[in-house]
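Student: Pasting structure.txt below, which is compact mmCIF, C-alpha atoms.
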```txt
# COMPACT_ATOMS: atom_id res chain seq x y z
CA MET A 1 15.57 -65.71 16.92
CA LYS A 2 16.25 -69.42 17.23
CA LYS A 3 19.49 -70.77 18.55
CA ILE A 4 21.44 -72.73 15.95
CA LEU A 5 23.18 -75.96 16.85
CA LEU A 6 26.30 -76.76 14.87
CA ILE A 7 27.84 -80.23 14.99
CA ILE A 8 31.56 -80.26 14.27
CA PHE A 9 33.36 -83.38 13.06
CA TYR A 10 37.12 -83.80 12.99
CA LEU A 11 37.82 -85.59 9.73
CA PHE A 12 41.45 -86.55 10.12
CA ALA A 13 44.52 -86.03 12.23
CA PHE A 14 45.30 -82.73 10.64
CA ASN A 15 47.71 -80.69 12.72
CA ASN A 16 50.80 -81.02 10.56
CA SER A 17 52.62 -78.13 12.19
CA LEU A 18 55.91 -79.96 11.69
CA TYR A 19 55.58 -79.50 7.93
CA ALA A 20 53.49 -76.36 7.56
CA ILE A 21 55.52 -73.31 6.66
CA VAL A 22 52.66 -71.03 5.63
CA GLU A 23 52.06 -68.30 8.20
CA VAL A 24 50.52 -64.84 8.32
CA ASP A 25 52.22 -61.79 9.82
CA ILE A 26 49.35 -60.30 11.84
CA THR A 27 51.27 -57.13 12.65
CA ARG A 28 51.35 -55.78 9.11
CA GLY A 29 47.68 -55.50 8.16
CA ASN A 30 47.23 -55.44 4.38
CA LEU A 31 50.84 -54.53 3.56
CA ASP A 32 51.77 -58.10 2.67
CA PRO A 33 48.60 -60.24 2.50
CA LEU A 34 48.92 -64.00 2.06
CA PRO A 35 47.89 -65.30 -1.39
CA ILE A 36 45.14 -67.85 -0.75
CA ALA A 37 42.93 -69.80 -3.17
CA VAL A 38 39.38 -70.59 -2.07
CA SER A 39 38.00 -73.27 -4.37
CA PRO A 40 34.19 -73.44 -4.69
CA LEU A 41 32.92 -76.23 -2.46
CA TYR A 42 32.04 -79.29 -4.51
CA ILE A 43 28.32 -80.14 -4.35
CA GLU A 44 27.62 -83.83 -3.80
CA PRO A 45 25.41 -85.28 -6.61
CA GLY A 46 21.77 -85.54 -5.55
CA SER A 47 21.99 -82.58 -3.21
CA GLU A 48 18.98 -80.27 -3.29
CA ASP A 49 18.89 -76.56 -4.04
CA ILE A 50 18.36 -74.24 -1.10
CA THR A 51 15.34 -71.96 -0.92
CA GLN A 52 15.86 -68.98 1.38
CA ASN A 53 13.53 -65.98 1.73
CA GLY A 54 11.72 -67.12 -1.41
CA LYS A 55 14.94 -67.20 -3.44
CA ILE A 56 16.48 -70.38 -4.84
CA ILE A 57 20.24 -70.69 -4.30
CA LYS A 58 21.45 -73.21 -6.86
CA ASN A 59 25.23 -73.30 -6.33
CA ILE A 60 25.54 -73.16 -2.55
CA GLY A 61 29.15 -74.39 -2.72
CA GLU A 62 30.15 -71.34 -4.71
CA GLU A 63 28.16 -69.00 -2.44
CA ILE A 64 29.90 -70.36 0.68
CA ALA A 65 33.28 -69.85 -1.01
CA LYS A 66 32.35 -66.23 -1.85
CA VAL A 67 31.55 -65.46 1.79
CA ILE A 68 34.87 -66.98 2.89
CA GLU A 69 36.74 -64.96 0.26
CA LYS A 70 35.11 -61.71 1.32
CA ASN A 71 35.88 -62.38 4.98
CA PHE A 72 39.54 -62.93 4.13
CA LYS A 73 39.70 -59.86 1.92
CA ARG A 74 38.21 -57.58 4.58
CA SER A 75 40.66 -58.84 7.19
CA GLY A 76 43.54 -57.30 5.24
CA LEU A 77 45.69 -60.34 6.00
CA PHE A 78 44.79 -62.45 2.95
CA ASN A 79 44.67 -61.95 -0.81
CA PRO A 80 42.05 -64.33 -2.28
CA LEU A 81 43.08 -65.25 -5.82
CA LYS A 82 40.70 -64.94 -8.77
CA LYS A 83 38.77 -68.10 -9.61
CA GLU A 84 39.38 -67.56 -13.33
CA SER A 85 42.98 -68.59 -12.72
CA PHE A 86 42.09 -71.93 -11.09
CA VAL A 87 43.07 -75.00 -13.14
CA GLN A 88 41.80 -77.87 -11.00
CA ASN A 89 38.08 -78.59 -10.62
CA PRO A 90 36.52 -78.51 -7.11
CA ASP A 91 35.57 -82.22 -7.04
CA VAL A 92 39.13 -83.39 -7.68
CA ALA A 93 40.85 -80.63 -5.68
CA HIS A 94 38.95 -81.56 -2.53
CA ILE A 95 40.26 -85.15 -2.60
CA LYS A 96 43.85 -84.46 -3.61
CA PRO A 97 45.08 -81.11 -4.95
CA ARG A 98 47.64 -80.96 -7.71
CA PHE A 99 49.88 -78.62 -5.78
CA GLU A 100 51.91 -77.67 -8.85
CA ASP A 101 48.76 -76.16 -10.42
CA TRP A 102 48.15 -74.01 -7.35
CA ARG A 103 51.80 -72.99 -7.06
CA LEU A 104 51.60 -71.85 -10.67
CA ILE A 105 49.11 -69.12 -9.70
CA LYS A 106 51.24 -68.16 -6.65
CA ALA A 107 48.83 -69.57 -4.04
CA GLN A 108 50.48 -70.33 -0.71
CA ALA A 109 47.34 -71.73 0.96
CA LEU A 110 44.34 -73.51 -0.54
CA VAL A 111 40.82 -74.09 0.76
CA THR A 112 38.72 -76.92 -0.69
CA GLY A 113 35.45 -78.45 0.40
CA LYS A 114 32.31 -80.45 -0.25
CA VAL A 115 28.63 -79.82 0.49
CA THR A 116 25.85 -82.38 0.88
CA ILE A 117 22.26 -81.12 1.20
CA SER A 118 19.09 -83.01 2.05
CA GLU A 119 15.66 -81.63 2.90
CA ASP A 120 16.53 -80.53 6.43
CA LYS A 121 20.29 -80.95 6.73
CA LEU A 122 23.41 -79.38 5.28
CA ARG A 123 26.78 -81.02 5.79
CA ALA A 124 29.85 -79.04 4.77
CA GLU A 125 33.42 -80.34 4.77
CA PHE A 126 36.49 -78.24 4.22
CA ARG A 127 40.25 -78.74 4.07
CA LEU A 128 43.04 -76.22 4.37
CA TRP A 129 46.19 -77.09 2.46
CA ASP A 130 49.72 -75.73 2.69
CA VAL A 131 50.54 -75.43 -1.00
CA VAL A 132 54.23 -74.72 -0.40
CA ALA A 133 54.78 -77.83 1.75
CA ALA A 134 52.10 -79.89 -0.10
CA LYS A 135 50.46 -80.84 3.20
CA GLU A 136 46.99 -80.74 4.73
CA MET A 137 46.77 -78.32 7.67
CA VAL A 138 43.23 -78.73 8.95
CA ALA A 139 40.11 -80.70 8.01
CA LEU A 140 36.67 -80.32 9.58
CA ALA A 141 33.01 -80.94 8.80
CA PHE A 142 29.89 -79.13 10.01
CA SER A 143 26.27 -80.25 10.09
CA THR A 144 23.40 -77.78 10.41
CA THR A 145 20.18 -76.65 8.75
CA PRO A 146 20.37 -75.45 5.11
CA ASP A 147 19.28 -71.89 5.91
CA ASN A 148 22.32 -71.59 8.17
CA TRP A 149 24.82 -71.82 5.32
CA ARG A 150 26.25 -68.34 5.82
CA ARG A 151 27.20 -69.17 9.39
CA VAL A 152 28.97 -72.27 8.10
CA ALA A 153 31.02 -70.01 5.82
CA HIS A 154 31.90 -67.72 8.74
CA ILE A 155 32.90 -70.63 11.00
CA ILE A 156 35.09 -72.10 8.27
CA SER A 157 36.69 -68.65 7.90
CA ASP A 158 37.36 -68.54 11.64
CA LYS A 159 38.98 -71.99 11.68
CA ILE A 160 41.27 -71.08 8.79
CA TYR A 161 42.10 -67.68 10.27
CA GLN A 162 43.05 -69.31 13.58
CA ARG A 163 45.19 -71.98 11.91
CA LEU A 164 47.14 -69.46 9.84
CA THR A 165 47.49 -66.60 12.34
CA GLY A 166 47.48 -68.30 15.72
CA GLU A 167 44.64 -66.03 16.89
CA GLU A 168 40.94 -66.72 17.20
CA GLY A 169 38.85 -65.44 14.31
CA TYR A 170 35.99 -62.95 14.49
CA PHE A 171 33.83 -63.79 11.47
CA ASP A 172 31.04 -65.78 13.16
CA THR A 173 29.86 -62.73 15.07
CA ARG A 174 27.17 -60.06 15.01
CA ILE A 175 27.17 -56.30 15.33
CA ILE A 176 24.31 -54.45 16.98
CA TYR A 177 23.92 -50.77 16.21
CA VAL A 178 21.49 -47.87 16.02
CA SER A 179 19.86 -47.62 12.61
CA GLU A 180 19.16 -43.99 11.67
CA THR A 181 16.87 -42.50 9.04
CA GLY A 182 15.41 -39.06 8.33
CA GLU A 183 16.69 -35.50 8.51
CA LYS A 184 19.51 -34.66 10.91
CA THR A 185 17.20 -32.81 13.29
CA GLN A 186 14.45 -35.45 13.11
CA ARG A 187 16.25 -38.78 13.12
CA VAL A 188 14.30 -42.01 13.63
CA LYS A 189 16.49 -44.42 15.57
CA LYS A 190 15.95 -48.18 15.79
CA LEU A 191 17.99 -51.01 17.20
CA ALA A 192 19.38 -53.16 14.38
CA ILE A 193 21.54 -56.25 14.27
CA MET A 194 23.50 -57.87 11.46
CA ASP A 195 26.27 -60.34 10.77
CA GLN A 196 29.72 -58.76 10.98
CA ASP A 197 29.86 -58.58 7.18
CA GLY A 198 26.61 -56.58 6.95
CA ALA A 199 24.35 -59.48 5.93
CA ASN A 200 21.10 -60.60 7.61
CA ILE A 201 20.08 -57.20 8.93
CA LYS A 202 17.15 -57.30 11.37
CA TYR A 203 15.43 -54.42 13.16
CA LEU A 204 14.69 -55.03 16.82
CA THR A 205 12.68 -51.92 17.72
CA LEU A 206 10.06 -49.90 15.84
CA GLY A 207 11.59 -46.43 16.15
CA ASN A 208 8.81 -45.07 18.35
CA GLU A 209 11.29 -44.30 21.10
CA LEU A 210 14.83 -42.94 21.01
CA VAL A 211 17.41 -45.71 21.52
CA LEU A 212 21.10 -45.24 22.33
CA THR A 213 24.31 -47.14 23.10
CA PRO A 214 23.44 -50.85 22.64
CA ARG A 215 26.12 -53.11 24.14
CA PHE A 216 26.56 -56.90 23.89
CA SER A 217 27.21 -59.11 26.87
CA PRO A 218 30.63 -60.81 26.55
CA LYS A 219 29.09 -64.12 27.67
CA ASN A 220 25.92 -64.54 25.61
CA GLN A 221 23.52 -62.87 23.19
CA LEU A 222 22.11 -60.43 25.74
CA VAL A 223 22.13 -56.74 24.91
CA THR A 224 21.75 -53.76 27.19
CA TYR A 225 20.75 -50.36 25.83
CA LEU A 226 19.32 -47.01 26.78
CA SER A 227 15.88 -45.89 25.60
CA TYR A 228 13.63 -42.96 26.37
CA PHE A 229 10.12 -43.90 27.45
CA LYS A 230 7.88 -40.82 27.72
CA ASN A 231 11.07 -38.73 27.72
CA LEU A 232 12.48 -40.61 30.71
CA PRO A 233 15.65 -42.70 30.30
CA ARG A 234 15.32 -46.43 30.84
CA VAL A 235 17.95 -49.14 30.72
CA TYR A 236 16.76 -52.33 28.99
CA LEU A 237 17.95 -55.91 28.63
CA LEU A 238 17.16 -57.71 25.38
CA ASP A 239 17.75 -61.40 24.67
CA ILE A 240 18.58 -61.56 20.95
CA GLU A 241 17.80 -65.27 20.69
CA THR A 242 14.37 -65.24 22.35
CA GLY A 243 13.30 -61.62 21.76
CA VAL A 244 12.46 -61.27 25.47
CA GLN A 245 12.98 -57.71 26.71
CA GLU A 246 12.90 -56.37 30.26
CA VAL A 247 13.42 -53.04 31.97
CA VAL A 248 16.48 -52.98 34.21
CA GLY A 249 15.51 -49.67 35.78
CA ASP A 250 13.89 -46.26 35.36
CA PHE A 251 16.22 -43.36 35.96
CA PRO A 252 14.68 -39.89 36.39
CA GLY A 253 18.03 -38.23 35.77
CA MET A 254 20.26 -38.89 32.79
CA THR A 255 21.85 -42.31 32.28
CA PHE A 256 24.75 -42.94 29.92
CA ALA A 257 26.28 -45.89 28.10
CA PRO A 258 25.39 -49.04 30.07
CA ARG A 259 27.87 -51.91 29.64
CA PHE A 260 28.16 -55.45 30.98
CA SER A 261 30.78 -56.69 33.38
CA PRO A 262 33.04 -59.45 31.96
CA ASN A 263 31.02 -62.20 33.67
CA GLY A 264 27.73 -60.70 32.45
CA GLU A 265 26.34 -60.45 35.99
CA LYS A 266 26.44 -56.66 36.34
CA ILE A 267 25.78 -53.55 34.31
CA ILE A 268 28.02 -50.53 34.76
CA MET A 269 26.84 -47.06 33.72
CA SER A 270 27.09 -43.39 34.54
CA PHE A 271 24.10 -41.75 36.16
CA ALA A 272 23.45 -38.01 36.46
CA LYS A 273 21.92 -37.11 39.79
CA ASP A 274 21.62 -33.71 41.49
CA GLY A 275 23.56 -32.10 38.66
CA ASN A 276 26.51 -34.46 38.87
CA SER A 277 27.42 -37.62 36.95
CA ASP A 278 29.01 -40.61 38.70
CA ILE A 279 29.59 -44.27 37.88
CA TYR A 280 27.28 -46.97 39.24
CA THR A 281 26.91 -50.72 38.91
CA MET A 282 23.74 -52.78 39.08
CA ASN A 283 23.66 -56.46 39.94
CA LEU A 284 21.30 -58.08 37.44
CA LYS A 285 20.20 -60.82 39.86
CA ASP A 286 19.01 -58.69 42.78
CA ARG A 287 18.99 -55.21 41.12
CA VAL A 288 21.21 -53.81 43.87
CA VAL A 289 22.81 -50.52 42.76
CA GLU A 290 26.28 -49.57 43.98
CA LYS A 291 27.93 -46.17 43.56
CA ILE A 292 31.53 -46.57 42.37
CA THR A 293 32.72 -42.95 42.05
CA ASP A 294 31.80 -39.96 44.16
CA HIS A 295 33.32 -36.82 42.70
CA THR A 296 32.15 -33.30 41.93
CA SER A 297 33.29 -33.72 38.31
CA ILE A 298 31.58 -35.60 35.48
CA ASP A 299 32.55 -39.30 35.34
CA THR A 300 31.17 -41.23 32.33
CA SER A 301 31.76 -44.04 29.80
CA PRO A 302 32.99 -46.79 32.13
CA SER A 303 34.39 -50.03 30.73
CA TYR A 304 35.70 -53.08 32.61
CA SER A 305 39.02 -54.80 31.98
CA PRO A 306 38.42 -58.39 30.78
CA ASP A 307 39.45 -59.81 34.16
CA GLY A 308 36.96 -57.52 35.93
CA LYS A 309 39.59 -56.07 38.27
CA TYR A 310 39.77 -52.57 36.76
CA ILE A 311 37.54 -49.95 35.14
CA CYS A 312 38.53 -47.26 32.66
CA PHE A 313 36.36 -44.16 32.29
CA ASN A 314 36.55 -40.55 31.22
CA SER A 315 36.27 -37.57 33.54
CA ASP A 316 36.86 -33.82 33.56
CA ARG A 317 38.17 -33.85 37.13
CA SER A 318 41.52 -32.50 35.88
CA GLY A 319 39.78 -29.60 34.13
CA LEU A 320 39.64 -31.26 30.70
CA GLN A 321 38.08 -34.56 29.65
CA GLN A 322 40.70 -37.30 30.12
CA ILE A 323 40.81 -41.07 30.64
CA TYR A 324 41.27 -42.62 34.07
CA VAL A 325 41.71 -46.15 35.38
CA MET A 326 40.61 -47.38 38.81
CA ARG A 327 40.06 -50.65 40.61
CA SER A 328 36.58 -52.12 40.22
CA ASP A 329 35.62 -50.96 43.72
CA GLY A 330 36.42 -47.32 42.84
CA SER A 331 39.76 -47.15 44.62
CA GLN A 332 43.20 -46.21 43.27
CA VAL A 333 41.96 -43.75 40.62
CA LYS A 334 44.76 -42.86 38.21
CA ARG A 335 44.79 -40.56 35.21
CA ILE A 336 46.45 -42.21 32.18
CA THR A 337 46.12 -39.63 29.36
CA PHE A 338 48.28 -36.52 29.23
CA GLY A 339 48.44 -35.80 25.50
CA LYS A 340 47.02 -32.72 23.79
CA GLY A 341 43.28 -32.78 23.21
CA LEU A 342 40.22 -34.32 24.85
CA TYR A 343 39.85 -38.07 25.41
CA GLY A 344 36.62 -40.06 25.69
CA THR A 345 34.66 -43.31 25.09
CA PRO A 346 37.40 -45.63 26.42
CA VAL A 347 36.80 -49.35 25.99
CA TRP A 348 39.08 -52.14 27.14
CA SER A 349 40.28 -54.72 24.63
CA PRO A 350 39.02 -58.29 25.24
CA ARG A 351 42.69 -59.32 25.31
CA GLY A 352 43.36 -56.81 28.09
CA ASP A 353 46.44 -55.32 26.43
CA LEU A 354 44.95 -52.10 25.04
CA ILE A 355 42.29 -49.45 25.61
CA ALA A 356 40.61 -47.91 22.56
CA PHE A 357 39.39 -44.32 22.74
CA THR A 358 38.13 -41.27 20.89
CA LYS A 359 40.33 -38.17 20.88
CA VAL A 360 39.41 -34.62 19.83
CA HIS A 361 42.24 -32.29 18.91
CA LYS A 362 42.28 -29.15 16.75
CA GLY A 363 38.76 -29.78 15.51
CA LYS A 364 39.42 -33.34 14.35
CA PHE A 365 38.25 -36.64 15.81
CA PHE A 366 40.64 -39.58 16.14
CA ILE A 367 40.16 -43.25 16.98
CA GLY A 368 43.20 -44.58 18.80
CA VAL A 369 44.58 -47.19 21.17
CA MET A 370 46.95 -47.13 24.14
CA ARG A 371 48.21 -49.47 26.81
CA PRO A 372 46.26 -49.56 30.10
CA ASP A 373 48.89 -47.34 31.75
CA GLY A 374 48.49 -44.70 29.01
CA SER A 375 51.75 -45.47 27.23
CA GLY A 376 52.13 -46.36 23.56
CA GLU A 377 49.33 -44.11 22.26
CA ARG A 378 48.65 -44.71 18.55
CA LEU A 379 46.07 -42.82 16.50
CA LEU A 380 44.62 -45.16 13.86
CA THR A 381 42.30 -42.87 11.92
CA GLU A 382 41.13 -39.24 11.83
CA ASN A 383 38.04 -37.55 10.42
CA PHE A 384 35.58 -34.69 10.77
CA TYR A 385 33.56 -36.60 13.39
CA GLN A 386 33.88 -40.20 14.56
CA GLU A 387 33.56 -42.02 17.88
CA ALA A 388 32.33 -45.05 19.87
CA PRO A 389 34.93 -47.74 19.07
CA SER A 390 34.00 -51.35 19.85
CA TRP A 391 36.37 -54.34 19.74
CA SER A 392 36.07 -57.55 17.75
CA PRO A 393 36.15 -60.54 20.15
CA ASN A 394 39.78 -61.33 19.27
CA GLY A 395 40.94 -57.76 19.92
CA ARG A 396 42.26 -57.35 16.38
CA VAL A 397 39.68 -55.00 14.78
CA LEU A 398 37.64 -51.96 15.89
CA VAL A 399 34.23 -50.91 14.61
CA PHE A 400 33.09 -47.30 15.06
CA TYR A 401 30.83 -44.74 13.42
CA ARG A 402 31.64 -41.65 11.40
CA GLU A 403 29.54 -38.63 10.47
CA THR A 404 29.83 -36.47 7.36
CA LYS A 405 29.43 -32.71 7.20
CA THR A 406 26.28 -31.10 5.90
CA ASP A 407 26.56 -28.66 3.01
CA SER A 408 25.64 -24.98 3.07
CA ASP A 409 21.97 -25.92 2.68
CA GLY A 410 22.11 -28.29 5.65
CA LYS A 411 21.99 -31.37 3.42
CA GLY A 412 24.32 -34.30 2.93
CA PHE A 413 24.46 -35.45 6.54
CA SER A 414 25.08 -39.14 7.10
CA THR A 415 26.49 -41.46 9.72
CA LYS A 416 28.09 -44.76 8.71
CA LEU A 417 29.77 -47.73 10.35
CA TRP A 418 33.47 -48.29 9.69
CA SER A 419 36.09 -50.79 10.78
CA ILE A 420 39.85 -50.58 11.14
CA ASP A 421 42.45 -53.03 12.40
CA LEU A 422 45.23 -52.36 14.86
CA THR A 423 47.75 -51.57 12.13
CA GLY A 424 45.68 -48.58 11.00
CA TYR A 425 46.08 -49.65 7.36
CA ASN A 426 42.87 -51.58 6.81
CA GLU A 427 40.01 -49.08 7.09
CA ARG A 428 36.71 -50.23 5.56
CA LEU A 429 33.11 -49.04 5.26
CA ILE A 430 30.53 -51.55 6.54
CA LYS A 431 27.56 -51.32 4.21
CA THR A 432 24.14 -51.06 5.88
CA GLU A 433 20.64 -50.41 4.54
CA THR A 434 20.37 -47.16 6.52
CA ASP A 435 22.72 -44.86 8.37
CA GLY A 436 24.19 -46.38 11.52
CA SER A 437 25.80 -45.36 14.80
CA ASP A 438 26.82 -46.72 18.24
CA PRO A 439 28.02 -50.18 17.08
CA SER A 440 28.81 -53.03 19.47
CA TRP A 441 30.53 -56.30 18.51
CA SER A 442 29.29 -59.64 19.88
CA SER A 443 31.40 -62.50 21.14
CA LEU A 444 31.93 -65.53 18.87
CA LEU A 445 28.59 -67.29 18.30
CA SER A 446 30.17 -70.72 17.84
CA LYS A 447 32.37 -70.59 20.93
```
So that I can check it, write out the structure of this file as structure tokens.

Tutor:
Amino acid sequence: MKKILLIIFYLFAFNNSLYAIVEVDITRGNLDPLPIAVSPLYIEPGSEDITQNGKIIKNIGEEIAKVIEKNFKRSGLFNPLKKESFVQNPDVAHIKPRFEDWRLIKAQALVTGKVTISEDKLRAEFRLWDVVAAKEMVALAFSTTPDNWRRVAHIISDKIYQRLTGEEGYFDTRIIYVSETGEKTQRVKKLAIMDQDGANIKYLTLGNELVLTPRFSPKNQLVTYLSYFKNLPRVYLLDIETGVQEVVGDFPGMTFAPRFSPNGEKIIMSFAKDGNSDIYTMNLKDRVVEKITDHTSIDTSPSYSPDGKYICFNSDRSGLQQIYVMRSDGSQVKRITFGKGLYGTPVWSPRGDLIAFTKVHKGKFFIGVMRPDGSGERLLTENFYQEAPSWSPNGRVLVFYRETKTDSDGKGFSTKLWSIDLTGYNERLIKTETDGSDPSWSSLLSK
């Protein structure tokens, strides 16, 4: 996959924070979403149509606006208004909105833009307006190749999200996951990757070998995952941009859930040896392996804090599976979960303030979050079977997978990807071509 270069132009001095009164309450999810109008981007006369995958896209300005709208809708923080209610045309609105027309349809924020397309270049401008204060809030332009138009839409979404919420966005990102097909007892599993909205799905392996637990590096587009080669577990590194794949190591025992360290220089994993499972790290430069825990119990699912100083993991050393936190050298081990049920798959938020986890209690599976000391536990969603939460790069949303029950004839089984934000109110199915499991969210591509 080729690396895309985006050139960003600042159009004007745009940070009118003195006047802007539009803001989004990011603590309330979709309870009170901000009414926002996304005008189709005006297409400069003489611009060419885009041909992508053999399909001609005639109104690219409208298509970009649709992607932005859908991003906002899925976030739960915005309510994109229907285009049928718009009075002002895109060409005029982009230069100077008639704010009274947009106030009439209850819009509080307005997005306008313009697209210019030549044979090998797409230039997109956008402006964010505070309709209430009648002021421009941000104005930027992007230059890239025409086939990269969806990424332009995601980057615009991120810039608007950041301006209105004060947090970084998460739209210009990818999710890697395990694509699953076939009967429950004979599943074919492939590595697959897609944009966070489910578009541009690509399959990275053929399905000849079982693949498990793909995880993105927080620093780049490297992925580590577990695969079985001739029934022996191997840990792989895969560069998404170049397609180059290498074996990190062969492990004759059982290896679980490899993850990157925050600086991307190490992989941490659990490794079953001599009937016991402990946590190990491997330095990717010299392949030196270091044992972090040494306990007679089962220690698995390690995850670093974003500053690299601590590791959370699950262990049954107390008799039941619980979550523990320790320093990155294995010292100062402390149990942090004491609630009813079993706790597993802990993963530290990229903001460092929370740990997400899976909890099993009374036959139900929960996805929840807690502070790193175990306090403030909140269960966001429950179901028959669900696990493996992964954070968006801004620490606002979790993606996970959920299985459905089979019927009395053993049919009806499926596993799907879902997302939910920290409020617990905005739960959404992520549509994929096949079943999916073990998702992992990338860092921002444009950062």

Student: Taking (26.6, -44.2, 26.0) as a centre in this file's frame and 8 Å as the limit, can you find every polymer residue with an atom that close, using all atoms listed in the file, and give them as a ChimeraX atom specification?

Tutor: /A:212-213,226,256-258,301

Student: Go through A:Glu44, A:Ser297, A:Thr434, A:Gly319 one by one, measure the shortest atom-to-atom distance of each to Tyr203 (chain A) using all atoms listed in the file, and give the residue with the smallest value.

Tutor: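 The shortest atom-to-atom distance to Tyr203 (chain A) comes from A:Thr434.
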
Student: Restricting the calculation to all atoms listed in the file: of A:Gly376, A:Gly182, A:Pro90, A:Gly207, which residue gets closest to Ser414 (chain A)?

Tutor: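 Using all atoms listed in the file, Ser414 (chain A) sits closest to A:Gly182.
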
Student: When you look at Arg187 (chain A) with a cut-off of 12 Å (counting all atoms listed in the file), what residues show up, excluding the ones that are within fewer than 4 positions of it in the same chain? I need them as a compact mmCIF listing (two decimals) with C-alpha atoms, keeping the file's coordinate frame.

Tutor:
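To be explicit, this is the file written out as out-v3.txt:
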```txt
# COMPACT_ATOMS: atom_id res chain seq x y z
CA VAL A 178 21.49 -47.87 16.02
CA SER A 179 19.86 -47.62 12.61
CA GLU A 180 19.16 -43.99 11.67
CA THR A 181 16.87 -42.50 9.04
CA GLY A 182 15.41 -39.06 8.33
CA GLU A 183 16.69 -35.50 8.51
CA GLY A 207 11.59 -46.43 16.15
CA ASN A 208 8.81 -45.07 18.35
CA GLU A 209 11.29 -44.30 21.10
CA LEU A 210 14.83 -42.94 21.01
CA VAL A 211 17.41 -45.71 21.52
CA PHE A 413 24.46 -35.45 6.54
CA SER A 414 25.08 -39.14 7.10
CA THR A 415 26.49 -41.46 9.72
CA THR A 434 20.37 -47.16 6.52
CA ASP A 435 22.72 -44.86 8.37
CA GLY A 436 24.19 -46.38 11.52
CA SER A 437 25.80 -45.36 14.80
```

Student: Distance CA of Arg127 (chain A)-CA of Gly46 (chain A), one decimal place?

Tutor: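 Result for CA of Arg127 (chain A) versus CA of Gly46 (chain A): 21.9 Å, one decimal.
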
Student: Can you list, as a CSV table (one decimal) with C-alpha atoms, keeping the file's coordinate frame, every protein, DNA or RNA residue that comes within 12 Å of region 101-103 of chain A when you count all atoms listed in the file, leaving out same-chain residues fewer than 4 positions away?

Tutor:
```csv
chain,number,residue,atom,x,y,z
A,35,PRO,CA,47.9,-65.3,-1.4
A,36,ILE,CA,45.1,-67.8,-0.8
A,37,ALA,CA,42.9,-69.8,-3.2
A,38,VAL,CA,39.4,-70.6,-2.1
A,39,SER,CA,38.0,-73.3,-4.4
A,81,LEU,CA,43.1,-65.2,-5.8
A,82,LYS,CA,40.7,-64.9,-8.8
A,83,LYS,CA,38.8,-68.1,-9.6
A,85,SER,CA,43.0,-68.6,-12.7
A,86,PHE,CA,42.1,-71.9,-11.1
A,87,VAL,CA,43.1,-75.0,-13.1
A,88,GLN,CA,41.8,-77.9,-11.0
A,89,ASN,CA,38.1,-78.6,-10.6
A,93,ALA,CA,40.8,-80.6,-5.7
A,96,LYS,CA,43.8,-84.5,-3.6
A,97,PRO,CA,45.1,-81.1,-5.0
A,107,ALA,CA,48.8,-69.6,-4.0
A,108,GLN,CA,50.5,-70.3,-0.7
A,109,ALA,CA,47.3,-71.7,1.0
A,110,LEU,CA,44.3,-73.5,-0.5
A,111,VAL,CA,40.8,-74.1,0.8
A,112,THR,CA,38.7,-76.9,-0.7
A,129,TRP,CA,46.2,-77.1,2.5
A,130,ASP,CA,49.7,-75.7,2.7
A,131,VAL,CA,50.5,-75.4,-1.0
A,132,VAL,CA,54.2,-74.7,-0.4
A,133,ALA,CA,54.8,-77.8,1.8
A,134,ALA,CA,52.1,-79.9,-0.1
```

Student: Looking at A:Tyr425, A:Pro350, A:Asn283, A:Arg151, which one is nearest to Asn200 (chain A), with distances taken over only C-alpha atoms?

Tutor: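 That would be A:Arg151, the residue with the smallest distance to Asn200 (chain A).
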
Student: Go through A:Ile267, A:Leu380, A:Val333, A:Ala272 one by one, measure the shortest atom-to-atom distance of each to Glu290 (chain A) using all atoms listed in the file, and give the residue with the smallest value.

Tutor: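 Among A:Ile267, A:Leu380, A:Val333, A:Ala272, it is A:Ile267 that comes nearest to Glu290 (chain A).
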
Student: Rank nothing, just name the residue among A:Gln245, A:Gln386, A:Asn71, A:Thr255 nearest to Ala199 (chain A), using only C-alpha atoms.

Tutor: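 Using only C-alpha atoms, the shortest distance to Ala199 (chain A) belongs to A:Asn71.
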
Student: Do a neighbour search on Val288 (chain A) at 10 Å with all atoms listed in the file, toss out local chain neighbours closer than 6 positions, and write the hits as a list in words.

Tutor: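 Here the qualifying residues turn out to be Lys266, Thr281 and Met282 of chain A.
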
Student: Find the distance between CA of Glu125 (chain A) and CA of Asn59 (chain A) and write it in Å to one decimal.

Tutor: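 Between these atoms lies a distance of 15.5 Å.
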
Student: From the options A:Thr293, A:Thr205, A:Gln196, A:Ser227, which residue's atoms come nearest to Pro439 (chain A), counting only C-alpha atoms?

Tutor: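 That would be A:Gln196, the residue with the smallest distance to Pro439 (chain A).
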
Student: Please, what distance in Å, to one decimal, runs between CA of Ile175 (chain A) and CA of Trp441 (chain A)?

Tutor: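 Calculated distance between CA of Ile175 (chain A) and CA of Trp441 (chain A) is 4.6 Å.
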
Student: Leaving out Arg335 (chain A) and any residue of its chain fewer than 4 positions from it, which residues lie within 12 Å of it when counting all atoms listed in the file, given as a count of residues only?

Tutor: 21

Student: Just the residues within 8 Å of Ile292 (chain A), please, counting all atoms listed in the file, with nothing from its chain fewer than 6 positions along; format it as a list in words.

Tutor: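 Everything that qualifies: Asp278, Ile279, Tyr280, Thr281, Ser328, Asp329 and Gly330 of chain A.
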